[in-house]
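Next comes data16.cif, a file with mmCIF, C-alpha atoms and all ligand atoms.
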data_structure
loop_
_atom_site.group_PDB
_atom_site.id
_atom_site.type_symbol
_atom_site.label_atom_id
_atom_site.label_comp_id
_atom_site.auth_asym_id
_atom_site.auth_seq_id
_atom_site.Cartn_x
_atom_site.Cartn_y
_atom_site.Cartn_z
ATOM 1 C CA MET A 1 60.233 120.663 67.493
ATOM 2 C CA ILE A 2 61.823 117.223 67.279
ATOM 3 C CA ILE A 3 63.610 116.773 63.975
ATOM 4 C CA VAL A 4 64.299 113.311 62.553
ATOM 5 C CA THR A 5 66.663 113.250 59.577
ATOM 6 C CA ALA A 6 66.563 110.455 56.964
ATOM 7 C CA ALA A 7 62.951 109.968 58.002
ATOM 8 C CA SER A 8 62.221 108.341 54.629
ATOM 9 C CA GLY A 9 64.505 105.418 55.470
ATOM 10 C CA GLN A 10 63.531 102.163 57.137
ATOM 11 C CA LEU A 11 64.773 103.216 60.585
ATOM 12 C CA GLY A 12 63.578 106.807 60.240
ATOM 13 C CA ARG A 13 60.026 105.743 59.461
ATOM 14 C CA LEU A 14 59.957 103.514 62.531
ATOM 15 C CA VAL A 15 61.326 106.349 64.719
ATOM 16 C CA ILE A 16 58.539 108.656 63.508
ATOM 17 C CA ALA A 17 55.940 105.932 64.202
ATOM 18 C CA GLU A 18 57.297 105.535 67.749
ATOM 19 C CA LEU A 19 57.413 109.297 68.313
ATOM 20 C CA LEU A 20 53.790 109.592 67.211
ATOM 21 C CA LYS A 21 52.882 107.370 70.180
ATOM 22 C CA ARG A 22 54.610 109.805 72.544
ATOM 23 C CA VAL A 23 54.309 113.406 71.271
ATOM 24 C CA PRO A 24 51.796 115.359 69.151
ATOM 25 C CA ALA A 25 52.382 115.086 65.396
ATOM 26 C CA GLU A 26 52.773 118.856 65.022
ATOM 27 C CA ARG A 27 55.933 118.713 67.191
ATOM 28 C CA ILE A 28 57.606 116.212 64.842
ATOM 29 C CA VAL A 29 59.552 117.138 61.718
ATOM 30 C CA ALA A 30 60.442 114.504 59.124
ATOM 31 C CA ALA A 31 63.556 115.970 57.479
ATOM 32 C CA VAL A 32 64.051 114.204 54.148
ATOM 33 C CA ARG A 33 65.812 114.484 50.813
ATOM 34 C CA ASP A 34 62.594 113.876 48.903
ATOM 35 C CA PRO A 35 59.378 115.067 50.629
ATOM 36 C CA ALA A 36 57.239 113.152 48.089
ATOM 37 C CA LYS A 37 58.476 109.910 49.650
ATOM 38 C CA VAL A 38 56.830 110.677 52.983
ATOM 39 C CA ALA A 39 53.475 112.139 51.888
ATOM 40 C CA ASP A 40 51.833 109.591 54.184
ATOM 41 C CA LEU A 41 53.594 111.178 57.179
ATOM 42 C CA ALA A 42 52.344 114.642 56.179
ATOM 43 C CA ASP A 43 48.830 113.126 56.051
ATOM 44 C CA GLN A 44 49.300 112.138 59.708
ATOM 45 C CA GLY A 45 50.130 115.726 60.668
ATOM 46 C CA VAL A 46 53.920 115.362 60.773
ATOM 47 C CA LEU A 47 55.759 118.393 59.373
ATOM 48 C CA VAL A 48 57.789 117.422 56.340
ATOM 49 C CA ARG A 49 60.840 119.507 55.427
ATOM 50 C CA HIS A 50 63.451 119.162 52.717
ATOM 51 C CA ALA A 51 66.891 118.326 54.143
ATOM 52 C CA ASP A 52 69.832 117.019 52.142
ATOM 53 C CA TYR A 53 73.022 116.164 54.043
ATOM 54 C CA THR A 54 75.050 117.607 51.163
ATOM 55 C CA ASP A 55 73.197 120.951 51.187
ATOM 56 C CA PRO A 56 73.839 123.019 54.364
ATOM 57 C CA ALA A 57 71.277 125.690 53.410
ATOM 58 C CA SER A 58 68.534 123.038 53.297
ATOM 59 C CA LEU A 59 69.603 121.844 56.757
ATOM 60 C CA ASP A 60 69.420 125.375 58.208
ATOM 61 C CA LYS A 61 65.868 125.747 56.921
ATOM 62 C CA ALA A 62 64.858 122.269 58.091
ATOM 63 C CA PHE A 63 66.187 122.926 61.604
ATOM 64 C CA GLU A 64 64.250 126.174 62.190
ATOM 65 C CA GLY A 65 62.634 125.977 65.645
ATOM 66 C CA ALA A 66 64.402 122.693 66.436
ATOM 67 C CA THR A 67 64.784 121.732 70.086
ATOM 68 C CA LYS A 68 66.108 118.216 69.406
ATOM 69 C CA VAL A 69 67.632 116.649 66.317
ATOM 70 C CA LEU A 70 68.117 112.958 65.589
ATOM 71 C CA LEU A 71 70.844 112.507 62.988
ATOM 72 C CA ILE A 72 70.295 109.108 61.402
ATOM 73 C CA SER A 73 73.533 108.055 59.775
ATOM 74 C CA SER A 74 73.643 108.254 55.990
ATOM 75 C CA ASN A 75 73.849 105.139 53.831
ATOM 76 C CA ASP A 76 76.299 106.858 51.463
ATOM 77 C CA LEU A 77 79.355 104.843 52.527
ATOM 78 C CA GLY A 78 82.636 106.737 52.257
ATOM 79 C CA ASN A 79 80.921 110.142 52.127
ATOM 80 C CA ARG A 80 79.233 109.956 55.482
ATOM 81 C CA GLU A 81 81.728 111.874 57.593
ATOM 82 C CA ALA A 82 81.394 115.071 55.527
ATOM 83 C CA GLN A 83 77.616 114.676 55.260
ATOM 84 C CA HIS A 84 77.234 114.170 58.999
ATOM 85 C CA ARG A 85 79.464 117.181 59.711
ATOM 86 C CA ASN A 86 77.063 119.329 57.682
ATOM 87 C CA VAL A 87 74.174 118.138 59.837
ATOM 88 C CA ILE A 88 76.096 118.652 63.100
ATOM 89 C CA ASP A 89 77.172 122.166 62.044
ATOM 90 C CA ALA A 90 73.561 123.068 61.179
ATOM 91 C CA ALA A 91 72.359 121.700 64.539
ATOM 92 C CA ALA A 92 75.008 123.838 66.265
ATOM 93 C CA ARG A 93 73.886 126.945 64.329
ATOM 94 C CA ALA A 94 70.301 126.178 65.406
ATOM 95 C CA LYS A 95 71.554 125.778 69.022
ATOM 96 C CA VAL A 96 69.447 122.662 69.548
ATOM 97 C CA GLY A 97 68.921 121.366 73.066
ATOM 98 C CA LEU A 98 69.858 117.789 72.144
ATOM 99 C CA LEU A 99 71.672 116.219 69.216
ATOM 100 C CA ALA A 100 71.241 112.448 69.036
ATOM 101 C CA TYR A 101 73.245 110.341 66.565
ATOM 102 C CA THR A 102 72.780 106.728 65.467
ATOM 103 C CA SER A 103 76.318 105.387 65.809
ATOM 104 C CA VAL A 104 77.594 101.819 65.925
ATOM 105 C CA LEU A 105 77.962 99.449 68.893
ATOM 106 C CA HIS A 106 81.160 100.101 70.891
ATOM 107 C CA ALA A 107 82.189 102.730 68.339
ATOM 108 C CA ASP A 108 85.243 103.755 70.374
ATOM 109 C CA ARG A 109 86.818 100.276 70.177
ATOM 110 C CA SER A 110 84.925 98.612 67.324
ATOM 111 C CA THR A 111 87.044 96.671 64.826
ATOM 112 C CA LEU A 112 84.387 96.910 62.085
ATOM 113 C CA SER A 113 85.730 98.859 59.121
ATOM 114 C CA LEU A 114 82.469 100.803 58.979
ATOM 115 C CA ALA A 115 83.096 102.111 62.505
ATOM 116 C CA ALA A 116 85.682 104.649 61.290
ATOM 117 C CA GLU A 117 83.051 107.002 59.872
ATOM 118 C CA HIS A 118 80.998 106.650 63.063
ATOM 119 C CA ARG A 119 84.037 107.445 65.252
ATOM 120 C CA ALA A 120 84.761 110.560 63.204
ATOM 121 C CA THR A 121 81.123 111.622 63.482
ATOM 122 C CA GLU A 122 81.090 111.033 67.232
ATOM 123 C CA GLU A 123 84.151 113.288 67.535
ATOM 124 C CA ALA A 124 82.358 116.008 65.576
ATOM 125 C CA VAL A 125 79.256 115.612 67.756
ATOM 126 C CA ARG A 126 81.371 116.072 70.896
ATOM 127 C CA ALA A 127 83.232 119.029 69.368
ATOM 128 C CA SER A 128 79.936 120.768 68.542
ATOM 129 C CA GLY A 129 79.518 121.725 72.202
ATOM 130 C CA LEU A 130 75.842 120.708 72.014
ATOM 131 C CA PRO A 131 74.205 118.410 74.559
ATOM 132 C CA TYR A 132 74.328 115.035 72.821
ATOM 133 C CA THR A 133 73.353 111.367 72.953
ATOM 134 C CA LEU A 134 75.175 108.670 71.030
ATOM 135 C CA LEU A 135 72.800 105.815 70.191
ATOM 136 C CA ARG A 136 75.388 103.142 69.451
ATOM 137 C CA ASN A 137 73.214 100.709 67.537
ATOM 138 C CA GLY A 138 74.272 97.095 67.185
ATOM 139 C CA TRP A 139 73.486 94.973 64.147
ATOM 140 C CA TYR A 140 70.005 94.962 62.676
ATOM 141 C CA VAL A 141 68.593 91.428 62.787
ATOM 142 C CA GLU A 142 67.094 92.316 59.404
ATOM 143 C CA ASN A 143 70.625 92.329 57.945
ATOM 144 C CA TYR A 144 70.317 88.543 58.209
ATOM 145 C CA THR A 145 66.582 87.915 57.948
ATOM 146 C CA VAL A 146 66.310 89.870 54.679
ATOM 147 C CA SER A 147 68.052 87.035 52.824
ATOM 148 C CA LEU A 148 66.326 84.084 54.495
ATOM 149 C CA GLY A 149 64.128 83.510 51.449
ATOM 150 C CA GLY A 150 67.268 82.917 49.396
ATOM 151 C CA ALA A 151 68.718 80.652 52.078
ATOM 152 C CA VAL A 152 65.573 78.521 52.123
ATOM 153 C CA ALA A 153 65.507 78.388 48.302
ATOM 154 C CA HIS A 154 69.172 77.315 48.183
ATOM 155 C CA GLY A 155 68.896 74.952 51.143
ATOM 156 C CA ALA A 156 71.700 76.635 53.135
ATOM 157 C CA LEU A 157 72.525 79.849 54.961
ATOM 158 C CA ALA A 158 75.898 81.319 54.025
ATOM 159 C CA GLY A 159 77.822 83.842 56.089
ATOM 160 C CA GLY A 160 81.192 84.622 57.540
ATOM 161 C CA ALA A 161 80.599 85.116 61.267
ATOM 162 C CA GLY A 162 81.683 81.590 62.244
ATOM 163 C CA GLU A 163 80.985 80.904 65.914
ATOM 164 C CA GLY A 164 80.665 84.597 66.752
ATOM 165 C CA ARG A 165 77.723 85.522 68.945
ATOM 166 C CA ILE A 166 75.762 88.432 67.506
ATOM 167 C CA SER A 167 73.554 90.588 69.727
ATOM 168 C CA ALA A 168 71.374 91.785 66.864
ATOM 169 C CA ALA A 169 68.053 93.544 67.436
ATOM 170 C CA ALA A 170 65.203 94.572 65.191
ATOM 171 C CA ARG A 171 65.136 98.060 63.651
ATOM 172 C CA ALA A 172 61.872 98.535 65.560
ATOM 173 C CA ASP A 173 63.756 98.116 68.851
ATOM 174 C CA TYR A 174 66.430 100.670 67.923
ATOM 175 C CA ALA A 175 63.671 103.030 66.728
ATOM 176 C CA ALA A 176 61.859 102.720 70.065
ATOM 177 C CA ALA A 177 65.127 103.569 71.833
ATOM 178 C CA ALA A 178 65.678 106.672 69.718
ATOM 179 C CA ALA A 179 62.090 107.805 70.294
ATOM 180 C CA ALA A 180 62.416 107.232 74.068
ATOM 181 C CA VAL A 181 65.474 109.492 74.160
ATOM 182 C CA LEU A 182 63.909 112.171 71.929
ATOM 183 C CA ALA A 183 60.608 112.244 73.809
ATOM 184 C CA SER A 184 62.209 112.237 77.257
ATOM 185 C CA GLU A 185 61.538 115.350 79.313
ATOM 186 C CA GLY A 186 64.284 114.389 81.759
ATOM 187 C CA ALA A 187 68.015 113.811 81.544
ATOM 188 C CA VAL A 188 69.319 111.251 79.061
ATOM 189 C CA GLU A 189 72.665 109.500 78.889
ATOM 190 C CA GLN A 190 75.466 110.599 76.574
ATOM 191 C CA ILE A 191 76.143 107.042 75.373
ATOM 192 C CA TYR A 192 73.864 104.025 75.003
ATOM 193 C CA GLU A 193 75.341 100.723 73.809
ATOM 194 C CA LEU A 194 72.261 99.196 72.166
ATOM 195 C CA ALA A 195 71.921 95.515 71.292
ATOM 196 C CA GLY A 196 69.507 92.612 71.457
ATOM 197 C CA ASP A 197 68.871 90.774 74.723
ATOM 198 C CA THR A 198 69.839 87.353 73.398
ATOM 199 C CA ALA A 199 72.865 86.863 71.180
ATOM 200 C CA PHE A 200 72.892 84.121 68.544
ATOM 201 C CA THR A 201 75.339 82.493 66.178
ATOM 202 C CA LEU A 202 74.520 82.141 62.491
ATOM 203 C CA ALA A 203 74.288 78.364 63.043
ATOM 204 C CA GLU A 204 71.578 79.056 65.633
ATOM 205 C CA LEU A 205 69.831 81.349 63.150
ATOM 206 C CA ALA A 206 69.950 78.552 60.551
ATOM 207 C CA ALA A 207 68.581 76.102 63.140
ATOM 208 C CA GLU A 208 65.675 78.441 63.851
ATOM 209 C CA VAL A 209 64.933 78.743 60.128
ATOM 210 C CA SER A 210 65.047 74.934 59.871
ATOM 211 C CA ARG A 211 62.654 74.611 62.800
ATOM 212 C CA GLN A 212 60.146 77.065 61.341
ATOM 213 C CA THR A 213 60.277 75.823 57.749
ATOM 214 C CA GLY A 214 60.556 72.111 58.507
ATOM 215 C CA LYS A 215 63.495 71.961 56.062
ATOM 216 C CA THR A 216 67.084 71.348 57.065
ATOM 217 C CA ILE A 217 68.963 74.606 56.393
ATOM 218 C CA PRO A 218 72.609 74.229 57.494
ATOM 219 C CA PHE A 219 74.919 77.191 58.076
ATOM 220 C CA HIS A 220 77.915 77.353 55.748
ATOM 221 C CA ASN A 221 80.699 79.522 57.091
ATOM 222 C CA LEU A 222 82.838 81.116 54.389
ATOM 223 C CA PRO A 223 86.247 82.816 54.644
ATOM 224 C CA GLN A 224 85.950 86.612 54.283
ATOM 225 C CA LYS A 225 87.150 86.744 50.661
ATOM 226 C CA GLU A 226 84.845 83.962 49.506
ATOM 227 C CA TYR A 227 81.869 85.461 51.292
ATOM 228 C CA SER A 228 82.570 88.858 49.728
ATOM 229 C CA GLU A 229 82.769 87.220 46.277
ATOM 230 C CA MET A 230 79.520 85.360 46.893
ATOM 231 C CA LEU A 231 77.775 88.636 47.781
ATOM 232 C CA LEU A 232 79.200 90.237 44.626
ATOM 233 C CA ASN A 233 77.870 87.322 42.580
ATOM 234 C CA VAL A 234 74.353 87.789 43.940
ATOM 235 C CA GLY A 235 74.436 91.407 42.769
ATOM 236 C CA LEU A 236 75.625 93.520 45.703
ATOM 237 C CA PRO A 237 77.854 96.500 44.836
ATOM 238 C CA ALA A 238 81.528 95.803 45.642
ATOM 239 C CA PRO A 239 81.872 98.279 48.558
ATOM 240 C CA LEU A 240 78.773 96.846 50.249
ATOM 241 C CA ALA A 241 79.860 93.232 49.665
ATOM 242 C CA GLU A 242 83.264 94.010 51.213
ATOM 243 C CA LEU A 243 81.703 95.840 54.135
ATOM 244 C CA ILE A 244 79.309 92.994 54.954
ATOM 245 C CA ALA A 245 82.049 90.377 54.669
ATOM 246 C CA ASP A 246 84.327 92.492 56.878
ATOM 247 C CA SER A 247 81.546 92.924 59.442
ATOM 248 C CA ASP A 248 80.888 89.186 59.587
ATOM 249 C CA ALA A 249 84.631 88.470 59.915
ATOM 250 C CA GLN A 250 84.806 90.896 62.855
ATOM 251 C CA ALA A 251 81.571 89.466 64.312
ATOM 252 C CA ALA A 252 83.317 86.072 64.341
ATOM 253 C CA LYS A 253 85.719 87.676 66.862
ATOM 254 C CA GLY A 254 82.914 89.128 68.972
ATOM 255 C CA ALA A 255 82.639 92.638 67.501
ATOM 256 C CA LEU A 256 78.815 92.538 67.445
ATOM 257 C CA PHE A 257 78.352 91.052 70.914
ATOM 258 C CA ASP A 258 77.001 92.993 73.888
ATOM 259 C CA ASP A 259 75.182 91.665 76.943
ATOM 260 C CA SER A 260 74.476 94.930 78.779
ATOM 261 C CA ARG A 261 70.749 94.815 77.935
ATOM 262 C CA THR A 262 70.815 98.605 77.754
ATOM 263 C CA LEU A 263 68.360 98.525 74.850
ATOM 264 C CA SER A 264 65.609 96.626 76.650
ATOM 265 C CA LYS A 265 66.093 98.794 79.748
ATOM 266 C CA LEU A 266 65.707 101.941 77.644
ATOM 267 C CA ILE A 267 62.582 100.767 75.812
ATOM 268 C CA GLY A 268 61.018 99.142 78.882
ATOM 269 C CA ARG A 269 60.420 95.754 77.272
ATOM 270 C CA PRO A 270 62.457 92.788 76.042
ATOM 271 C CA THR A 271 63.887 93.149 72.560
ATOM 272 C CA ILE A 272 62.111 91.261 69.773
ATOM 273 C CA ALA A 273 63.080 87.576 69.945
ATOM 274 C CA LEU A 274 65.023 85.937 67.108
ATOM 275 C CA ALA A 275 62.184 83.439 66.554
ATOM 276 C CA ASP A 276 59.736 86.306 66.025
ATOM 277 C CA ALA A 277 62.097 88.138 63.675
ATOM 278 C CA VAL A 278 62.552 84.946 61.634
ATOM 279 C CA LYS A 279 58.811 84.319 61.589
ATOM 280 C CA ALA A 280 58.142 87.869 60.374
ATOM 281 C CA ALA A 281 60.746 87.505 57.616
ATOM 282 C CA LEU A 282 59.604 84.085 56.437
HETATM 283 N N1 LIG B 1 73.093 98.802 62.489
HETATM 284 C C1 LIG B 1 72.981 98.185 61.328
HETATM 285 O O1 LIG B 1 72.944 96.951 61.241
HETATM 286 C C2 LIG B 1 72.847 98.996 60.078
HETATM 287 C C3 LIG B 1 72.591 98.343 58.876
HETATM 288 C C4 LIG B 1 72.439 99.111 57.732
HETATM 289 C C5 LIG B 1 72.571 100.495 57.820
HETATM 290 N N2 LIG B 1 72.818 101.078 59.007
HETATM 291 C C6 LIG B 1 72.959 102.555 59.150
HETATM 292 O O2 LIG B 1 71.735 103.025 59.700
HETATM 293 C C7 LIG B 1 71.166 104.010 58.828
HETATM 294 C C8 LIG B 1 69.656 103.882 58.859
HETATM 295 O O3 LIG B 1 69.306 102.566 58.472
HETATM 296 P P1 LIG B 1 68.094 102.306 57.486
HETATM 297 O O4 LIG B 1 67.840 100.867 57.527
HETATM 298 O O5 LIG B 1 66.994 103.261 57.768
HETATM 299 O O6 LIG B 1 68.739 102.703 56.085
HETATM 300 P P2 LIG B 1 67.966 103.046 54.731
HETATM 301 O O7 LIG B 1 66.597 102.475 54.740
HETATM 302 O O8 LIG B 1 68.903 102.706 53.631
HETATM 303 O O9 LIG B 1 67.793 104.634 54.788
HETATM 304 C C9 LIG B 1 68.860 105.487 54.581
HETATM 305 C C10 LIG B 1 68.342 106.903 54.704
HETATM 306 O O10 LIG B 1 69.428 107.813 54.513
HETATM 307 C C11 LIG B 1 68.931 108.861 53.707
HETATM 308 N N3 LIG B 1 69.985 109.597 53.041
HETATM 309 C C12 LIG B 1 70.988 109.089 52.288
HETATM 310 N N4 LIG B 1 71.727 110.108 51.801
HETATM 311 C C13 LIG B 1 71.172 111.265 52.251
HETATM 312 C C14 LIG B 1 71.462 112.645 52.060
HETATM 313 N N5 LIG B 1 72.472 113.050 51.293
HETATM 314 N N6 LIG B 1 70.658 113.551 52.671
HETATM 315 C C15 LIG B 1 69.623 113.171 53.435
HETATM 316 N N7 LIG B 1 69.295 111.889 53.640
HETATM 317 C C16 LIG B 1 70.069 110.947 53.042
HETATM 318 C C17 LIG B 1 68.024 108.164 52.721
HETATM 319 O O11 LIG B 1 67.199 109.107 52.052
HETATM 320 P P3 LIG B 1 66.403 108.725 50.676
HETATM 321 O O12 LIG B 1 65.126 108.068 51.116
HETATM 322 O O13 LIG B 1 66.196 110.044 50.036
HETATM 323 O O14 LIG B 1 67.291 107.820 49.892
HETATM 324 C C18 LIG B 1 67.263 107.257 53.660
HETATM 325 O O15 LIG B 1 66.236 107.964 54.313
HETATM 326 C C19 LIG B 1 71.785 103.715 57.462
HETATM 327 O O16 LIG B 1 71.776 104.867 56.650
HETATM 328 C C20 LIG B 1 73.183 103.277 57.852
HETATM 329 O O17 LIG B 1 74.017 104.392 58.130
HETATM 330 C C21 LIG B 1 72.956 100.359 60.138
#

Show me, as C-alpha cells, the structure contained in the file I just sent.
Amino acid sequence: MIIVTAASGQLGRLVIAELLKRVPAERIVAAVRDPAKVADLADQGVLVRHADYTDPASLDKAFEGATKVLLISSNDLGNREAQHRNVIDAAARAKVGLLAYTSVLHADRSTLSLAAEHRATEEAVRASGLPYTLLRNGWYVENYTVSLGGAVAHGALAGGAGEGRISAAARADYAAAAAAVLASEGAVEQIYELAGDTAFTLAELAAEVSRQTGKTIPFHNLPQKEYSEMLLNVGLPAPLAELIADSDAQAAKGALFDDSRTLSKLIGRPTIALADAVKAAL
C-alpha cells in the first residue's frame, strides 16, 4: 500500500492522479483529515482513510499495511514540526519500507524562514531509522501565477524578489516527481533537490504576462516590510504575509535558485515552461 497524506490538498490530489497512471488504484491510500473531501478519489477505487496529523491513533489506523508513505508537509505554519513528528512516529511503528517527505529546496542551507520547520522534520525523518527520501521542493510557480489576475487588473506586478532568479516549477511537476519515487520498484535517492528547468526573475514573469495579455504590466519591487504590508492589505493573514515577504527577500539573494535539473531528470520530461504556466493561469 502506498499512502499519501494530505491527499485532499492541491499537491496531494496531483500526486494521487500521477500514481493512478503508474499503480492500481487499490494499492493507493488517500490519507486525509476529512474523507468527504475526496469522495471522487474513492469513486476511482482509491482507498480513503481518515488521518489527522494531530491524532496519532488515526495515523496508526491509516498506515495499516503501508509499504510506503508520502508525508506532504502541513500548511499549519508554526505547528508543523510536532504534526510531522506524529506522522514520522506512526510510519516508524508501521515499519514502512520508504518514508518520503516534501521538504524545501536546499533545506540544509536554506535562508528562508520557513525552512526551519523543514530542517527539523528532516532530522526526525533521519532519526526514525526508516529508509527515506527527501523531496526538497522548490517554489511552486503557482505562488506567483495565482495573483496574476490582480496584477493585470492593477496594471502592475508587485513582489519583493528583486533581480533574484527563481527556479519555480508547477505543482504538477513536483507531484510527478513524488509519484515516480513512490512507484519505483528500484532504489531511490535519499535527497532530491527539485526545481524548474528555467529560472526567471519577477520582471521576466511580468514581461511574459505583458506579452500574453497585450498590456504593459511592469514589475514593481518592494522592500520586504512594504511588500508584507501590501499582502496584509489585500487580506492575507499576518503570518502568511510575513512568510511570503521573507521568502521573496531571500529569493532576491538566490535562495530559490537551482540549476541541477534534478526534477526533469526524475520525471523524464522538461518541467512545465513559464509561458505555459502563465497561459494556464490567465
Ligand atoms: N513549495 C512551495 O512553493 C509551497 C507553497 C505552499 C505550500 N507548500 C507546502 O506544501 C504543502 C502542500 O502544498 P499544497 O499546495 O497541496 O497545500 P494545500 O492545498 O494548502 O494543502 C494542504 C494540505 O494539508 C492538509 N493538512 C493540514 N493540516 C492537517 C492535519 N492536521 N492533518 C492532516 N492533514 C492536514 C490539508 O488538509 P485539509 O484538506 O483537511 O485542509 C491539505 O490537504 C503545504 O501544506 C505546504 O507545507 C509549499

Discussion item. Any residue with an atom at most 8 Å from ligand LIG 1 (chain B) counts, using all atoms listed in the file. Which are they? Put them as a PyMOL selection string.
Written reply: chain A and resi 5-13+31-34+37+51-55+72-77+83+102-104+137-143+168+171

Check which residues satisfy the PyMOL selection byres (((chain A and resi 19) around 12) and not hetatm) in the file shown, then give them as a compact mmCIF listing (two decimals) with C-alpha atoms, in the frame of the given file.
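out.txt, written as the output of this step:
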# COMPACT_ATOMS: atom_id res chain seq x y z
CA MET A 1 60.23 120.66 67.49
CA ILE A 2 61.82 117.22 67.28
CA ILE A 3 63.61 116.77 63.98
CA VAL A 4 64.30 113.31 62.55
CA ALA A 7 62.95 109.97 58.00
CA GLY A 12 63.58 106.81 60.24
CA ARG A 13 60.03 105.74 59.46
CA LEU A 14 59.96 103.51 62.53
CA VAL A 15 61.33 106.35 64.72
CA ILE A 16 58.54 108.66 63.51
CA ALA A 17 55.94 105.93 64.20
CA GLU A 18 57.30 105.54 67.75
CA LEU A 20 53.79 109.59 67.21
CA LYS A 21 52.88 107.37 70.18
CA ARG A 22 54.61 109.80 72.54
CA VAL A 23 54.31 113.41 71.27
CA PRO A 24 51.80 115.36 69.15
CA ALA A 25 52.38 115.09 65.40
CA GLU A 26 52.77 118.86 65.02
CA ARG A 27 55.93 118.71 67.19
CA ILE A 28 57.61 116.21 64.84
CA VAL A 29 59.55 117.14 61.72
CA ALA A 30 60.44 114.50 59.12
CA LEU A 41 53.59 111.18 57.18
CA VAL A 46 53.92 115.36 60.77
CA LEU A 70 68.12 112.96 65.59
CA ALA A 172 61.87 98.54 65.56
CA ALA A 175 63.67 103.03 66.73
CA ALA A 176 61.86 102.72 70.06
CA ALA A 177 65.13 103.57 71.83
CA ALA A 178 65.68 106.67 69.72
CA ALA A 179 62.09 107.80 70.29
CA ALA A 180 62.42 107.23 74.07
CA VAL A 181 65.47 109.49 74.16
CA LEU A 182 63.91 112.17 71.93
CA ALA A 183 60.61 112.24 73.81
CA SER A 184 62.21 112.24 77.26

Worksheet item: Can you list what the PyMOL selection byres (((chain A and resi 190) around 7) and not hetatm) grabs from this structure, as a list of chain:residue names?
Response: A:Tyr132, A:Thr133, A:Leu134, A:Val188, A:Glu189, A:Ile191, A:Tyr192

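With distances restricted to all atoms listed in the file, A:Leu157 is the closest residue to Asn221 (chain A) from A:Ala275, A:Gly235, A:Leu157, A:Asp173.
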
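Taking all atoms listed in the file into account, Leu205 (chain A) lies nearest to A:Ala273 out of the set A:Ala273, A:Leu105, A:Ala36, A:Val48.
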
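Among the candidates A:Val146, A:Ile244, A:Ala280, A:Leu222, the residue lying nearest to Ala158 (chain A) is A:Leu222 (atoms considered: all atoms listed in the file).
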
Practice prompt. Return as a PyMOL selection string the set of residues that the PyMOL selection byres (((chain A and resi 281) around 9) and not hetatm) yields on the displayed structure.
Written response: chain A and resi 142+145-149+276-280+282

Padded axis-aligned box of region 83-90 of chain A (8 Å per side), centre and edge lengths, Å, one decimal, as lines of an AutoDock Vina configuration file:
center_x = 76.5
center_y = 118.6
center_z = 59.2
size_x = 21.9
size_y = 24.9
size_z = 23.8

List the spatial neighbours of Ala91 (chain A) as a CSV table (one decimal) with C-alpha atoms, in the frame of the given file - criterion: any atom at most 9 Å away, only C-alpha atoms, same-chain residues fewer than 6 positions off excluded.
chain,number,residue,atom,x,y,z
A,59,LEU,CA,69.6,121.8,56.8
A,60,ASP,CA,69.4,125.4,58.2
A,63,PHE,CA,66.2,122.9,61.6
A,66,ALA,CA,64.4,122.7,66.4
A,68,LYS,CA,66.1,118.2,69.4
A,69,VAL,CA,67.6,116.6,66.3
A,98,LEU,CA,69.9,117.8,72.1
A,99,LEU,CA,71.7,116.2,69.2
A,128,SER,CA,79.9,120.8,68.5
A,130,LEU,CA,75.8,120.7,72.0

Discussion item. One decimal, in Å: what's the spacing between CA of Phe219 (chain A) and CA of Ala156 (chain A)?
Written reply: 5.9 Å

Worksheet entry | From A:Val87, A:Leu240, A:Ala161, A:Leu256, residue lying nearest Ser58 (chain A) [all atoms listed in the file] |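 Of A:Val87, A:Leu240, A:Ala161, A:Leu256, the one nearest Ser58 (chain A), counting all atoms listed in the file, is A:Val87.
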
Worksheet, complete the sentence: In Å and to one decimal, CA of Val96 (chain A) is distant from CA of Arg109 (chain A) by 28.3 Å

Practice prompt. Figure out the distance between CA of Glu193 (chain A) and CA of Tyr174 (chain A), please, to one decimal in Å.
Written response: 10.7 Å

Worksheet, complete the sentence: Residue with the minimum atom-to-atom distance to Ile166 (chain A), picked from A:Leu114, A:Ala238, A:Ala207, A:Ala255 with all atoms listed in the file counted, is A:Ala255

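Closest approach to Ala116 (chain A) among A:Arg80, A:Lys225, A:Arg49, A:Lys265 is made by A:Arg80 (distances from all atoms listed in the file).
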